>>> print(open('protein-v2.cif').read())   # mmCIF, C-alpha atoms
data_structure
loop_
_atom_site.label_atom_id
_atom_site.label_comp_id
_atom_site.auth_asym_id
_atom_site.auth_seq_id
_atom_site.Cartn_x
_atom_site.Cartn_y
_atom_site.Cartn_z
CA MET W 1 0.00 0.00 0.00
CA ARG W 2 2.86 2.44 0.76
CA GLN W 3 4.39 2.64 -2.70
CA PRO W 4 1.13 2.90 -4.64
CA LEU W 5 0.11 5.84 -2.46
CA LEU W 6 3.49 7.52 -2.94
CA ALA W 7 3.21 6.97 -6.69
CA LEU W 8 -0.23 8.54 -6.82
CA LEU W 9 0.97 11.51 -4.75
CA ALA W 10 3.90 11.98 -7.13
CA LYS W 11 1.31 12.97 -9.70
CA GLU W 12 -0.47 15.52 -7.54
CA PRO W 13 -1.37 16.21 -3.91
CA ALA W 14 -4.55 14.50 -2.79
CA HIS W 15 -6.61 13.62 0.25
CA GLY W 16 -7.31 10.09 1.46
CA TYR W 17 -10.59 9.52 -0.28
CA GLU W 18 -9.26 10.79 -3.60
CA LEU W 19 -6.42 8.27 -3.31
CA LYS W 20 -8.88 5.45 -2.73
CA LEU W 21 -10.85 6.45 -5.84
CA ALA W 22 -7.68 6.79 -7.91
CA LEU W 23 -6.55 3.28 -6.95
CA GLU W 24 -9.94 1.84 -7.84
CA GLN W 25 -10.00 3.68 -11.13
CA THR W 26 -6.48 2.64 -12.11
CA PHE W 27 -6.64 -1.05 -11.27
CA GLY W 28 -10.34 -1.69 -11.67
CA GLU W 29 -11.23 -5.21 -10.74
CA ALA W 30 -7.61 -6.30 -10.71
CA TYR W 31 -6.85 -4.86 -7.30
CA PRO W 32 -8.66 -5.47 -4.01
CA SER W 33 -10.74 -2.39 -3.24
CA PRO W 34 -8.66 -0.54 -0.62
CA ASN W 35 -10.09 0.08 2.81
CA ILE W 36 -10.28 3.83 3.54
CA GLY W 37 -9.14 3.29 7.13
CA GLN W 38 -6.08 1.46 5.91
CA ILE W 39 -5.28 4.35 3.58
CA TYR W 40 -5.45 6.88 6.42
CA VAL W 41 -3.25 4.71 8.65
CA THR W 42 -0.69 4.29 5.87
CA LEU W 43 -0.65 8.03 5.14
CA LYS W 44 -0.05 8.76 8.81
CA ARG W 45 2.92 6.39 8.91
CA LEU W 46 4.33 7.82 5.68
CA GLU W 47 4.12 11.24 7.29
CA GLN W 48 5.88 10.04 10.45
CA ASP W 49 8.64 8.64 8.22
CA GLY W 50 8.92 12.01 6.46
CA LEU W 51 7.89 10.72 3.06
CA VAL W 52 4.78 12.88 2.82
CA ARG W 53 3.53 16.02 4.56
CA SER W 54 -0.01 17.24 4.99
CA GLN W 55 -2.04 20.31 5.69
CA ASP W 56 -5.65 20.96 6.51
CA VAL W 57 -7.66 22.64 3.82
CA GLU W 58 -10.71 24.48 4.98
CA GLN W 59 -14.02 23.72 3.36
CA THR W 60 -17.04 25.92 3.77
CA THR W 61 -19.85 23.39 3.97
CA ARG W 62 -17.98 20.31 5.16
CA PRO W 63 -15.29 19.47 7.73
CA ASN W 64 -11.69 20.33 6.84
CA LYS W 65 -9.88 17.83 4.71
CA ARG W 66 -6.26 16.84 5.06
CA VAL W 67 -4.34 17.04 1.78
CA TYR W 68 -1.11 15.08 1.42
CA GLU W 69 1.86 15.80 -0.80
CA LEU W 70 5.14 14.02 -1.48
CA THR W 71 8.32 15.28 0.21
CA ALA W 72 11.78 15.19 -1.41
CA VAL W 73 12.59 12.17 0.75
CA GLY W 74 9.38 10.51 -0.42
CA ARG W 75 10.22 11.18 -4.05
CA GLU W 76 13.65 9.61 -3.56
CA ALA W 77 12.15 6.53 -1.87
CA LEU W 78 9.71 6.19 -4.75
CA ARG W 79 12.53 6.49 -7.30
CA VAL W 80 14.48 3.70 -5.58
CA TRP W 81 11.36 1.50 -5.52
CA VAL W 82 10.60 2.07 -9.20
CA GLU W 83 14.19 1.45 -10.30
CA GLU W 84 14.92 -1.73 -8.37
CA PRO W 85 13.82 -4.96 -10.06
CA SER W 86 10.91 -6.71 -8.36
CA ASP W 87 11.22 -10.22 -7.00
CA GLY W 88 10.50 -12.99 -9.49
CA PRO W 89 7.81 -15.54 -8.83
CA ARG W 90 8.63 -17.73 -5.90
CA ILE W 91 9.41 -21.38 -6.41
CA ARG W 92 6.66 -23.73 -5.31
CA ASP W 93 8.92 -24.80 -2.52
CA GLU W 94 6.29 -26.41 -0.32
CA PHE W 95 5.27 -28.88 -3.00
CA PHE W 96 8.88 -29.51 -3.95
CA ILE W 97 9.84 -30.29 -0.37
CA LYS W 98 6.91 -32.67 -0.12
CA LEU W 99 7.92 -34.27 -3.41
CA ILE W 100 11.48 -34.89 -2.21
CA LEU W 101 10.89 -35.75 1.43
CA ALA W 102 7.59 -37.62 1.53
CA PRO W 103 8.78 -40.61 -0.53
CA MET W 104 12.00 -40.78 1.51
CA ALA W 105 9.93 -41.10 4.64
CA GLY W 106 7.71 -43.71 3.01
CA LEU W 107 4.75 -41.34 3.30
CA ALA W 108 3.76 -41.10 -0.33
CA ASP W 109 4.44 -42.21 -3.85
CA ARG W 110 6.04 -39.55 -6.09
CA MET W 111 3.80 -40.28 -9.04
CA GLU W 112 0.71 -39.94 -6.86
CA LEU W 113 1.97 -36.67 -5.43
CA MET W 114 2.61 -35.28 -8.89
CA ASN W 115 -0.73 -36.49 -10.20
CA SER W 116 -2.65 -34.89 -7.37
CA GLN W 117 -0.69 -31.65 -7.72
CA ARG W 118 -1.36 -31.60 -11.46
CA ARG W 119 -5.08 -32.11 -10.89
CA HIS W 120 -5.04 -29.22 -8.45
CA TYR W 121 -3.25 -26.93 -10.92
CA LEU W 122 -5.65 -27.87 -13.70
CA GLY W 123 -8.59 -27.06 -11.42
CA ILE W 124 -7.14 -23.60 -10.77
CA MET W 125 -6.43 -23.25 -14.48
CA ARG W 126 -10.06 -24.00 -15.30
CA ASN W 127 -11.11 -21.18 -12.98
CA LEU W 128 -8.62 -18.75 -14.44
CA ALA W 129 -9.62 -19.65 -18.00
CA GLU W 130 -13.28 -19.06 -17.18
CA LEU W 131 -12.47 -15.86 -15.33
CA HIS W 132 -10.52 -14.69 -18.37
CA ALA W 133 -13.40 -15.54 -20.70
CA ASP W 134 -15.82 -13.63 -18.44
CA THR W 135 -13.60 -10.55 -18.10
CA ASP W 136 -14.49 -7.51 -20.16
CA PRO W 137 -11.91 -7.44 -23.01
CA ALA W 138 -11.68 -3.65 -22.52
CA ASP W 139 -10.44 -4.16 -18.94
CA THR W 140 -6.80 -4.51 -19.96
CA THR W 141 -5.43 -4.38 -16.40
CA ALA W 142 -7.58 -7.26 -15.17
CA ARG W 143 -7.02 -9.26 -18.34
CA LEU W 144 -3.23 -8.95 -18.15
CA LEU W 145 -3.23 -9.91 -14.48
CA ILE W 146 -5.17 -13.10 -15.24
CA GLU W 147 -2.95 -13.88 -18.23
CA GLY W 148 0.07 -13.51 -15.95
CA ALA W 149 -1.41 -15.97 -13.48
CA ILE W 150 -2.18 -18.39 -16.34
CA LEU W 151 1.39 -18.23 -17.62
CA HIS W 152 2.82 -18.81 -14.14
CA LEU W 153 0.56 -21.79 -13.70
CA GLN W 154 1.56 -23.16 -17.09
CA ALA W 155 5.20 -22.87 -15.99
CA ASP W 156 4.38 -24.76 -12.79
CA LEU W 157 2.82 -27.53 -14.86
CA ASP W 158 5.79 -27.64 -17.24
CA TRP W 159 8.10 -27.87 -14.28
CA LEU W 160 5.99 -30.67 -12.82
CA GLU W 161 6.50 -32.48 -16.11
CA ARG W 162 10.27 -32.01 -15.75
CA CYS W 163 10.11 -33.46 -12.24
CA GLN W 164 8.15 -36.39 -13.64
CA GLU W 165 10.81 -37.00 -16.29
CA GLU W 166 13.71 -36.84 -13.85
CA LEU W 167 12.33 -38.33 -10.66
CA VAL W 168 10.10 -41.21 -11.72
CA MET T 1 -25.41 -16.54 -34.61
CA SER T 2 -27.03 -19.90 -34.16
CA ARG T 3 -25.53 -22.55 -31.97
CA ARG T 4 -27.06 -25.25 -34.08
CA LEU T 5 -24.31 -24.98 -36.67
CA LEU T 6 -21.67 -26.36 -34.38
CA THR T 7 -24.16 -28.79 -32.93
CA ARG T 8 -23.46 -32.10 -34.43
CA GLY T 9 -26.15 -34.50 -35.56
CA ASP T 10 -26.92 -37.41 -33.30
CA HIS T 11 -25.14 -40.58 -34.31
CA PRO T 12 -26.35 -43.20 -31.87
CA PRO T 13 -23.70 -45.85 -31.22
CA ASP T 14 -25.83 -48.48 -32.89
CA PRO T 15 -24.03 -50.97 -35.11
CA ALA T 16 -27.26 -51.62 -37.03
CA ALA T 17 -27.84 -48.00 -38.00
CA PRO T 18 -28.71 -47.64 -41.68
CA GLY T 19 -25.84 -46.86 -43.99
CA GLU T 20 -23.31 -48.42 -41.64
CA SER T 21 -23.11 -51.85 -43.23
CA ASP T 22 -19.95 -50.86 -45.09
CA LEU T 23 -18.06 -50.76 -41.79
CA PRO T 24 -16.39 -54.02 -41.01
CA GLY T 25 -16.20 -55.12 -37.42
CA THR T 26 -18.00 -57.04 -34.73
CA ALA T 27 -20.41 -55.70 -32.15
CA LEU T 28 -19.14 -55.36 -28.61
CA PRO T 29 -21.21 -57.84 -26.65
CA GLU T 30 -21.24 -57.03 -22.96
CA THR T 31 -22.19 -53.38 -22.41
CA SER T 32 -25.63 -51.89 -22.99
CA GLN T 33 -24.31 -48.33 -23.50
CA PRO T 34 -20.94 -48.77 -25.17
CA ALA T 35 -18.41 -45.96 -24.93
CA LEU T 36 -17.96 -43.87 -28.05
CA LEU T 37 -14.28 -44.83 -28.06
CA ARG T 38 -12.51 -47.49 -26.10
CA THR T 39 -9.08 -49.08 -26.27
CA ARG T 40 -7.80 -52.22 -24.65
CA LYS T 41 -4.08 -52.93 -24.16
CA LEU T 42 -3.29 -50.76 -27.16
CA VAL T 43 0.35 -51.01 -28.28
CA LYS T 44 2.24 -49.19 -31.01
CA GLU T 45 5.83 -50.14 -31.80
CA TYR T 46 8.20 -48.76 -34.39
CA ARG T 47 10.95 -50.95 -35.77
CA ALA T 48 13.99 -49.45 -37.44
CA ASP T 49 17.37 -51.09 -38.06
CA GLY T 50 16.52 -54.00 -35.80
CA VAL T 51 15.65 -51.71 -32.91
CA THR T 52 12.11 -51.72 -31.55
CA VAL T 53 10.74 -48.60 -29.92
CA GLU T 54 7.51 -48.87 -27.98
CA ALA T 55 5.71 -45.54 -28.35
CA VAL T 56 2.40 -46.69 -26.87
CA ARG T 57 2.61 -49.42 -24.26
CA GLY T 58 -0.72 -50.96 -23.30
CA VAL T 59 -3.14 -48.06 -23.15
CA ASP T 60 -6.71 -48.50 -21.90
CA ILE T 61 -8.84 -45.41 -22.32
CA GLU T 62 -12.52 -44.66 -22.76
CA LEU T 63 -14.40 -41.71 -24.14
CA ALA T 64 -18.14 -41.28 -23.67
CA VAL T 65 -20.48 -39.83 -26.28
CA GLY T 66 -20.13 -36.05 -26.22
CA GLU T 67 -17.17 -36.10 -23.83
CA PHE T 68 -14.19 -33.74 -24.14
CA VAL T 69 -10.92 -35.33 -23.03
CA ALA T 70 -7.44 -33.81 -23.16
CA ILE T 71 -4.24 -35.87 -23.34
CA MET T 72 -1.18 -34.29 -21.78
CA GLY T 73 2.33 -35.54 -21.08
CA PRO T 74 5.99 -34.81 -21.80
CA SER T 75 7.37 -34.83 -25.35
CA GLY T 76 7.97 -38.38 -26.43
CA SER T 77 5.34 -39.78 -24.08
CA GLY T 78 3.39 -41.15 -27.06
CA LYS T 79 0.54 -38.61 -27.15
CA SER T 80 0.52 -37.89 -30.87
CA THR T 81 1.24 -41.49 -31.79
CA LEU T 82 -1.76 -42.57 -29.73
CA LEU T 83 -3.98 -40.04 -31.47
CA HIS T 84 -2.78 -41.11 -34.91
CA VAL T 85 -3.41 -44.77 -34.13
CA LEU T 86 -6.89 -43.95 -32.80
CA GLY T 87 -7.68 -42.17 -36.05
CA GLY T 88 -6.29 -44.97 -38.19
CA LEU T 89 -3.48 -42.83 -39.61
CA GLU T 90 -1.05 -45.49 -38.40
CA PRO T 91 -1.83 -49.13 -37.66
CA ALA T 92 -1.78 -50.42 -34.08
CA THR T 93 0.80 -53.11 -33.32
CA SER T 94 -1.55 -54.95 -30.97
CA GLY T 95 -4.53 -54.37 -28.75
CA GLU T 96 -8.06 -53.29 -29.53
CA ILE T 97 -9.79 -50.09 -30.63
CA TRP T 98 -13.56 -49.91 -30.43
CA LEU T 99 -15.42 -47.01 -31.99
CA ARG T 100 -19.20 -46.71 -31.59
CA GLY T 101 -19.41 -50.29 -30.45
CA GLN T 102 -17.43 -51.66 -33.38
CA ARG T 103 -13.96 -53.05 -33.35
CA VAL T 104 -11.90 -51.03 -35.81
CA ASP T 105 -8.23 -51.82 -35.16
CA GLY T 106 -8.20 -54.43 -37.92
CA LEU T 107 -9.58 -52.13 -40.62
CA SER T 108 -7.68 -51.75 -43.88
CA THR T 109 -6.42 -48.34 -44.97
CA ALA T 110 -9.49 -48.01 -47.17
CA GLY T 111 -11.76 -49.13 -44.34
CA TRP T 112 -10.28 -46.46 -42.10
CA ALA T 113 -10.72 -43.84 -44.81
CA ILE T 114 -14.43 -44.65 -45.03
CA LEU T 115 -14.80 -44.65 -41.25
CA ARG T 116 -13.04 -41.30 -40.89
CA ARG T 117 -15.22 -39.73 -43.56
CA ARG T 118 -18.35 -40.23 -41.50
CA HIS T 119 -17.19 -40.52 -37.94
CA VAL T 120 -13.77 -39.06 -37.24
CA GLY T 121 -12.67 -35.48 -37.83
CA PHE T 122 -8.99 -34.51 -37.55
CA VAL T 123 -7.35 -31.20 -36.67
CA PHE T 124 -3.56 -30.90 -36.71
CA GLN T 125 -1.05 -28.39 -35.39
CA PHE T 126 -0.02 -27.32 -38.88
CA PHE T 127 -3.54 -27.19 -40.36
CA ASN T 128 -2.75 -29.57 -43.29
CA LEU T 129 -5.04 -27.75 -45.70
CA LEU T 130 -4.83 -28.52 -49.40
CA SER T 131 -2.88 -25.57 -50.74
CA ASN T 132 -4.02 -25.77 -54.35
CA MET T 133 -7.71 -25.60 -53.45
CA THR T 134 -9.77 -22.69 -52.14
CA VAL T 135 -10.91 -22.49 -48.54
CA ALA T 136 -14.42 -23.40 -49.69
CA ASP T 137 -13.26 -26.47 -51.61
CA ASN T 138 -11.16 -27.64 -48.66
CA ILE T 139 -14.29 -27.69 -46.50
CA GLU T 140 -16.69 -29.08 -49.09
CA LEU T 141 -14.43 -31.95 -50.15
CA PRO T 142 -15.04 -34.24 -47.14
CA ALA T 143 -18.79 -33.81 -47.46
CA LEU T 144 -18.66 -34.60 -51.18
CA LEU T 145 -16.49 -37.65 -50.51
CA ALA T 146 -19.04 -38.81 -47.96
CA GLY T 147 -21.80 -38.63 -50.57
CA ALA T 148 -23.36 -35.21 -49.97
CA THR T 149 -24.76 -33.38 -52.98
CA PRO T 150 -22.81 -30.29 -54.07
CA ARG T 151 -25.69 -28.15 -52.85
CA GLN T 152 -25.66 -29.79 -49.39
CA ALA T 153 -21.89 -29.51 -49.17
CA ARG T 154 -22.01 -25.84 -50.12
CA ARG T 155 -24.73 -25.04 -47.61
CA ARG T 156 -22.86 -26.77 -44.80
CA ARG T 157 -19.64 -24.97 -45.77
CA GLU T 158 -21.40 -21.59 -45.78
CA GLU T 159 -22.91 -22.28 -42.37
CA LEU T 160 -19.57 -23.30 -40.87
CA LEU T 161 -17.57 -20.41 -42.32
CA THR T 162 -20.17 -17.92 -41.14
CA GLU T 163 -20.16 -19.49 -37.70
CA LEU T 164 -16.37 -19.33 -37.59
CA GLY T 165 -16.36 -15.71 -38.75
CA ILE T 166 -14.44 -16.17 -42.00
CA ALA T 167 -17.24 -16.35 -44.58
CA GLU T 168 -15.56 -13.68 -46.71
CA LYS T 169 -12.44 -15.84 -47.15
CA ALA T 170 -14.23 -18.69 -48.93
CA GLY T 171 -12.70 -18.04 -52.35
CA MET T 172 -9.13 -17.55 -51.14
CA ALA T 173 -6.20 -19.93 -51.14
CA PRO T 174 -5.37 -21.15 -47.60
CA ALA T 175 -1.86 -19.66 -47.78
CA ARG T 176 -3.33 -16.16 -47.90
CA LEU T 177 -4.98 -16.65 -44.49
CA SER T 178 -3.40 -16.07 -41.08
CA GLY T 179 -2.53 -19.08 -38.93
CA GLY T 180 -5.61 -18.58 -36.79
CA GLU T 181 -7.85 -18.38 -39.83
CA GLN T 182 -6.29 -21.48 -41.36
CA GLN T 183 -6.93 -23.39 -38.16
CA ARG T 184 -10.56 -22.26 -38.24
CA VAL T 185 -10.81 -23.58 -41.80
CA ALA T 186 -9.25 -26.86 -40.65
CA LEU T 187 -11.80 -27.01 -37.85
CA ALA T 188 -14.64 -26.36 -40.31
CA ARG T 189 -13.32 -29.15 -42.53
CA ALA T 190 -13.10 -31.53 -39.58
CA LEU T 191 -16.65 -30.72 -38.48
CA ALA T 192 -18.15 -30.69 -41.99
CA ASN T 193 -19.52 -34.23 -41.73
CA GLU T 194 -20.64 -33.90 -38.10
CA PRO T 195 -18.21 -36.60 -36.98
CA SER T 196 -18.90 -38.69 -33.89
CA LEU T 197 -15.40 -37.89 -32.70
CA LEU T 198 -13.07 -34.97 -33.26
CA LEU T 199 -9.38 -35.80 -32.84
CA ALA T 200 -7.17 -32.74 -32.35
CA ASP T 201 -3.37 -32.83 -32.22
CA GLU T 202 -2.01 -29.63 -30.60
CA PRO T 203 -4.63 -27.51 -32.38
CA THR T 204 -3.35 -24.30 -30.75
CA GLY T 205 0.34 -25.27 -30.78
CA ASN T 206 1.14 -22.93 -33.63
CA LEU T 207 -1.14 -20.02 -32.71
CA ASP T 208 -0.65 -16.79 -30.78
CA SER T 209 -2.71 -16.14 -27.70
CA SER T 210 -5.56 -14.28 -29.37
CA ASN T 211 -5.98 -16.93 -32.08
CA THR T 212 -5.74 -19.61 -29.40
CA ARG T 213 -8.62 -17.91 -27.62
CA ASP T 214 -10.73 -17.96 -30.81
CA VAL T 215 -10.05 -21.61 -31.55
CA LEU T 216 -10.79 -22.49 -27.93
CA ARG T 217 -14.08 -20.67 -28.05
CA LEU T 218 -15.03 -22.69 -31.13
CA LEU T 219 -14.00 -25.98 -29.55
CA ARG T 220 -16.00 -25.14 -26.43
CA ARG T 221 -19.03 -24.31 -28.49
CA ALA T 222 -18.72 -27.51 -30.52
CA HIS T 223 -18.41 -29.45 -27.27
CA ALA T 224 -21.45 -27.67 -25.78
CA GLY T 225 -23.31 -28.76 -28.92
CA GLY T 226 -22.52 -32.40 -28.14
CA GLN T 227 -19.28 -32.89 -30.07
CA ALA T 228 -16.97 -35.50 -28.54
CA ILE T 229 -13.36 -34.30 -28.61
CA LEU T 230 -10.09 -36.06 -27.88
CA MET T 231 -7.26 -33.54 -27.92
CA VAL T 232 -3.53 -33.76 -27.42
CA THR T 233 -2.14 -30.54 -25.98
CA HIS T 234 0.75 -29.00 -24.08
CA ASP T 235 -1.29 -25.94 -23.26
CA ALA T 236 -2.77 -26.36 -19.79
CA ARG T 237 -5.25 -23.59 -20.39
CA VAL T 238 -6.61 -25.49 -23.37
CA ALA T 239 -6.59 -28.77 -21.45
CA SER T 240 -8.39 -27.22 -18.47
CA LEU T 241 -11.51 -26.79 -20.60
CA ALA T 242 -11.84 -30.55 -21.04
CA ASP T 243 -14.08 -32.72 -18.88
CA ARG T 244 -11.19 -35.02 -18.15
CA VAL T 245 -7.40 -35.01 -18.55
CA ILE T 246 -5.35 -38.11 -19.27
CA ASN T 247 -1.66 -37.87 -18.47
CA LEU T 248 0.51 -40.05 -20.66
CA PHE T 249 4.00 -40.95 -19.51
CA ASP T 250 6.39 -43.30 -21.23
CA GLY T 251 3.63 -44.60 -23.48
CA MET T 252 1.35 -45.47 -20.57
CA VAL T 253 -1.54 -43.78 -18.78
CA ALA T 254 -0.08 -42.22 -15.62
CA ASP T 255 -3.25 -40.42 -14.60
CA ASP T 256 -6.83 -40.11 -15.79
CA ALA T 257 -8.96 -37.65 -13.86
CA ARG T 258 -11.91 -35.32 -14.16
CA ILE T 259 -11.09 -31.65 -13.81
CA VAL T 260 -12.56 -30.24 -10.62
CA PRO T 261 -12.49 -26.43 -10.58
CA ILE T 262 -10.90 -25.09 -7.41
CA PRO T 263 -13.54 -22.74 -5.99
CA ARG T 264 -10.99 -20.48 -4.31
CA VAL T 265 -10.49 -18.21 -7.31
CA ASN T 266 -13.78 -16.36 -7.47
CA GLY T 267 -12.89 -12.97 -8.83
CA VAL T 268 -10.05 -11.16 -10.49
CA GLN T 269 -8.94 -9.71 -7.17
CA ASN T 270 -8.16 -13.15 -5.82
CA VAL T 271 -5.73 -13.70 -8.66
CA MET T 272 -3.33 -11.37 -6.83
CA GLU T 273 -3.43 -13.64 -3.83
CA LEU T 274 -3.01 -16.71 -6.00
CA ARG T 275 0.20 -15.37 -7.47
CA GLY T 276 1.62 -14.85 -4.00
#
>>> encode(input="protein-v2.cif", output="structure tokens")
Amino acid sequence: MRQPLLALLAKEPAHGYELKLALEQTFGEAYPSPNIGQIYVTLKRLEQDGLVRSQDVEQTTRPNKRVYELTAVGREALRVWVEEPSDGPRIRDEFFIKLILAPMAGLADRMELMNSQRRHYLGIMRNLAELHADTDPADTTARLLIEGAILHLQADLDWLERCQEELV
Amino acid sequence: MSRRLLTRGDHPPDPAAPGESDLPGTALPETSQPALLRTRKLVKEYRADGVTVEAVRGVDIELAVGEFVAIMGPSGSGKSTLLHVLGGLEPATSGEIWLRGQRVDGLSTAGWAILRRRHVGFVFQFFNLLSNMTVADNIELPALLAGATPRQARRRREELLTELGIAEKAGMAPARLSGGEQQRVALARALANEPSLLLADEPTGNLDSSNTRDVLRLLRRAHAGGQAILMVTHDARVASLADRVINLFDGMVADDARIVPIPRVNGVQNVMELRG
């Protein structure tokens, strides 16, 4: 939540509710709708850390609103975040550990483990494929997110196949 | 757009159906509702320079009428060989193949050709369209070979091309079409005679993601219309649309299971969580 808020504030100063709307508008269905309380808490912490500063703006008919803007320190932190490569997908280590250890302990057969894992992946894949088919083609953000998940899952299945070739 | 066009006619698995007497074979005795396709201890060996390679090693599979089954497995696991043997493109070494209650593994090349005309449609990775004929002729040919009148063949071709969204390409040579369009033509050709069974060998293997989506949509619609499909694929997204997935490994069935959707992924937002 911290970096997305900083990134939105890099565009222009805004108050909490505007940030919530901007996140919803940018990511559409692809991002969990942010909780307004969580946004306020995050903004407060960012301010304590010196990444943003705020001031009250008087409104005539409504209570004052607090408008946040990025500080120089905040802009630098954002630059570092944008420039550093993000972590790659994590290895399915839990399944792999099961696959290696369970047969050693006489707890399971490798082929059965791989078969049940493959069935599970294919079940998820069915859901993603249907989700993709039901997603508005104009909603590029959501569509790309689902396609990313599909490609990761395909890689998991390909890797399972490699395990099958080497370990059985 | 009507769904009827990709809805295949009903071919009951009845050996005594009229017009079927040209198919050699014996009726399967024991079951009241025979599977559309069934193999027993199916083996395919290749011999070269005194070396025997077993590509398919005792496969027992079944496919019900209207069922959509995907075959997955590593390269060299025998997937394509199995499909080719099931469609009579290569002879089985031993074992049995039953189609619509008739034993067909002993058919001659000509017998297989007749059987395929009426009951088995084929789609390949590289389309295999006849390059010196127009799109329209490619699709009408199987119907004409099966005894349709030119008028019937043309009507069916027009229906299929319209349904597949490429009606305006009817007069073109296949080479002038994109890969996705050629695969749609191949699909139209395979479905022209409303086959009991559609065999598909990596039908999306040579397509980009948007053409894959189109071909998938067509396969789904054909399946919803009652078309039985047996498809070899590497693409898990394609396979996940099947009712059942068979995993082939080393020429044998390693797994054969229905696909059970995992109810956890309900909306797009949960995809974030899924990716961890």
>>> interface_residues(input="protein-v2.cif", of="chain W", to="chain T", cutoff="8 Å", atoms="only C-alpha atoms", output="number ranges by chain")
W: 29-32, 89-90, 111, 115, 119-120, 122-129, 131, 142, 145-146, 149-150, 152, 154, 157, 161-162, 165
>>> atom_distance(input="protein-v2.cif", atom1="CA of Arg53 in chain W", atom2="CA of Gly37 in chain W")
18.1 Å
>>> closest_residue(input="protein-v2.cif", among="T:Leu177, T:Leu144, T:Leu164, T:Leu199", to="Leu218 in chain T", atoms="all atoms listed in the file")
T:Leu164
>>> closest_residue(input="protein-v2.cif", among="T:Glu54, T:Arg118, T:Ala192, T:Thr93", to="Gly76 in chain T", atoms="all atoms listed in the file")
T:Glu54
>>> resolve_selection(input="protein-v2.cif", expression="the PyMOL selection byres ((chain W and resi 6) around 8)", output="tab-separated table (two decimals) with C-alpha atoms, keeping the file's coordinate frame")
chain	number	residue	atom	x	y	z
W	2	ARG	CA	2.86	2.44	0.76
W	3	GLN	CA	4.39	2.64	-2.70
W	4	PRO	CA	1.13	2.90	-4.64
W	5	LEU	CA	0.11	5.84	-2.46
W	7	ALA	CA	3.21	6.97	-6.69
W	8	LEU	CA	-0.23	8.54	-6.82
W	9	LEU	CA	0.97	11.51	-4.75
W	10	ALA	CA	3.90	11.98	-7.13
W	52	VAL	CA	4.78	12.88	2.82
W	70	LEU	CA	5.14	14.02	-1.48
W	74	GLY	CA	9.38	10.51	-0.42
W	75	ARG	CA	10.22	11.18	-4.05
W	78	LEU	CA	9.71	6.19	-4.75
>>> resolve_selection(input="protein-v2.cif", expression="the PyMOL selection byres ((chain W and resi 42-45) around 10)", output="ChimeraX atom specification")
/W:1-2,5-6,15-16,36-41,46-54,68
>>> residues_around(input="protein-v2.cif", residues="Trp159 in chain W", least_positions_apart="3", cutoff="12 Å", atoms="all atoms listed in the file", output="number ranges by chain")
W: 91-92, 95-96, 114, 117-118, 121, 152-156, 162-167; T: 73-74
>>> write_last_selection(input="protein-v2.cif", atoms="C-alpha atoms", output="tab-separated table (two decimals), in the coordinates of the input")
chain	number	residue	atom	x	y	z
W	91	ILE	CA	9.41	-21.38	-6.41
W	92	ARG	CA	6.66	-23.73	-5.31
W	95	PHE	CA	5.27	-28.88	-3.00
W	96	PHE	CA	8.88	-29.51	-3.95
W	114	MET	CA	2.61	-35.28	-8.89
W	117	GLN	CA	-0.69	-31.65	-7.72
W	118	ARG	CA	-1.36	-31.60	-11.46
W	121	TYR	CA	-3.25	-26.93	-10.92
W	152	HIS	CA	2.82	-18.81	-14.14
W	153	LEU	CA	0.56	-21.79	-13.70
W	154	GLN	CA	1.56	-23.16	-17.09
W	155	ALA	CA	5.20	-22.87	-15.99
W	156	ASP	CA	4.38	-24.76	-12.79
W	162	ARG	CA	10.27	-32.01	-15.75
W	163	CYS	CA	10.11	-33.46	-12.24
W	164	GLN	CA	8.15	-36.39	-13.64
W	165	GLU	CA	10.81	-37.00	-16.29
W	166	GLU	CA	13.71	-36.84	-13.85
W	167	LEU	CA	12.33	-38.33	-10.66
T	73	GLY	CA	2.33	-35.54	-21.08
T	74	PRO	CA	5.99	-34.81	-21.80
>>> residues_around(input="protein-v2.cif", residues="Gly88 in chain T", least_positions_apart="2", cutoff="12 Å", atoms="all atoms listed in the file", output="MDAnalysis selection string")
chainID T and resid 44 81:86 90:93 97:99 104:117 119:122 199
>>> atom_distance(input="protein-v2.cif", atom1="CA of Leu113 in chain W", atom2="CA of Glu67 in chain T")
26.6 Å
>>> resolve_selection(input="protein-v2.cif", expression="the PyMOL selection byres ((chain T and resi 130) around 10)", output="list in words")
Phe127, Asn128, Leu129, Ser131, Asn132, Met133, Thr134, Val135, Asp137, Asn138, Ile139, Ala173, Pro174, Ala175 and Ala186 of chain T
>>> atom_distance(input="protein-v2.cif", atom1="CA of Ala153 in chain T", atom2="CA of Glu140 in chain T")
5.2 Å
>>> residues_near_point(input="protein-v2.cif", point="(2.6, -50.9, -24.8)", cutoff="8 Å", atoms="only C-alpha atoms", output="list in words")
Lys41, Leu42, Val43, Lys44, Glu45, Glu54, Ala55, Val56, Arg57, Gly58, Val59, Gly251 and Met252 of chain T
>>> axis_aligned_box(input="protein-v2.cif", around="range 123-140 of chain W", padding_each_side="6 Å", output="lines of an AutoDock Vina configuration file")
center_x = -11.1
center_y = -15.4
center_z = -16.9
size_x = 21.4
size_y = 35.4
size_z = 24.2
>>> closest_residue(input="protein-v2.cif", among="T:Ala222, T:Ile166, T:Thr233, T:Arg155", to="Ala200 in chain T", atoms="all atoms listed in the file")
T:Thr233
>>> residues_around(input="protein-v2.cif", residues="Leu207 in chain T", least_positions_apart="2", cutoff="12 Å", atoms="only C-alpha atoms", output="list in words")
Phe124, Gln125, Phe126, Phe127, Ser178, Gly179, Gly180, Glu181, Gln182, Gln183, Arg184, Glu202, Pro203, Thr204, Gly205, Ser209, Ser210, Asn211, Thr212, Arg213, Asp214, Val215, Leu216 and Asp235 of chain T
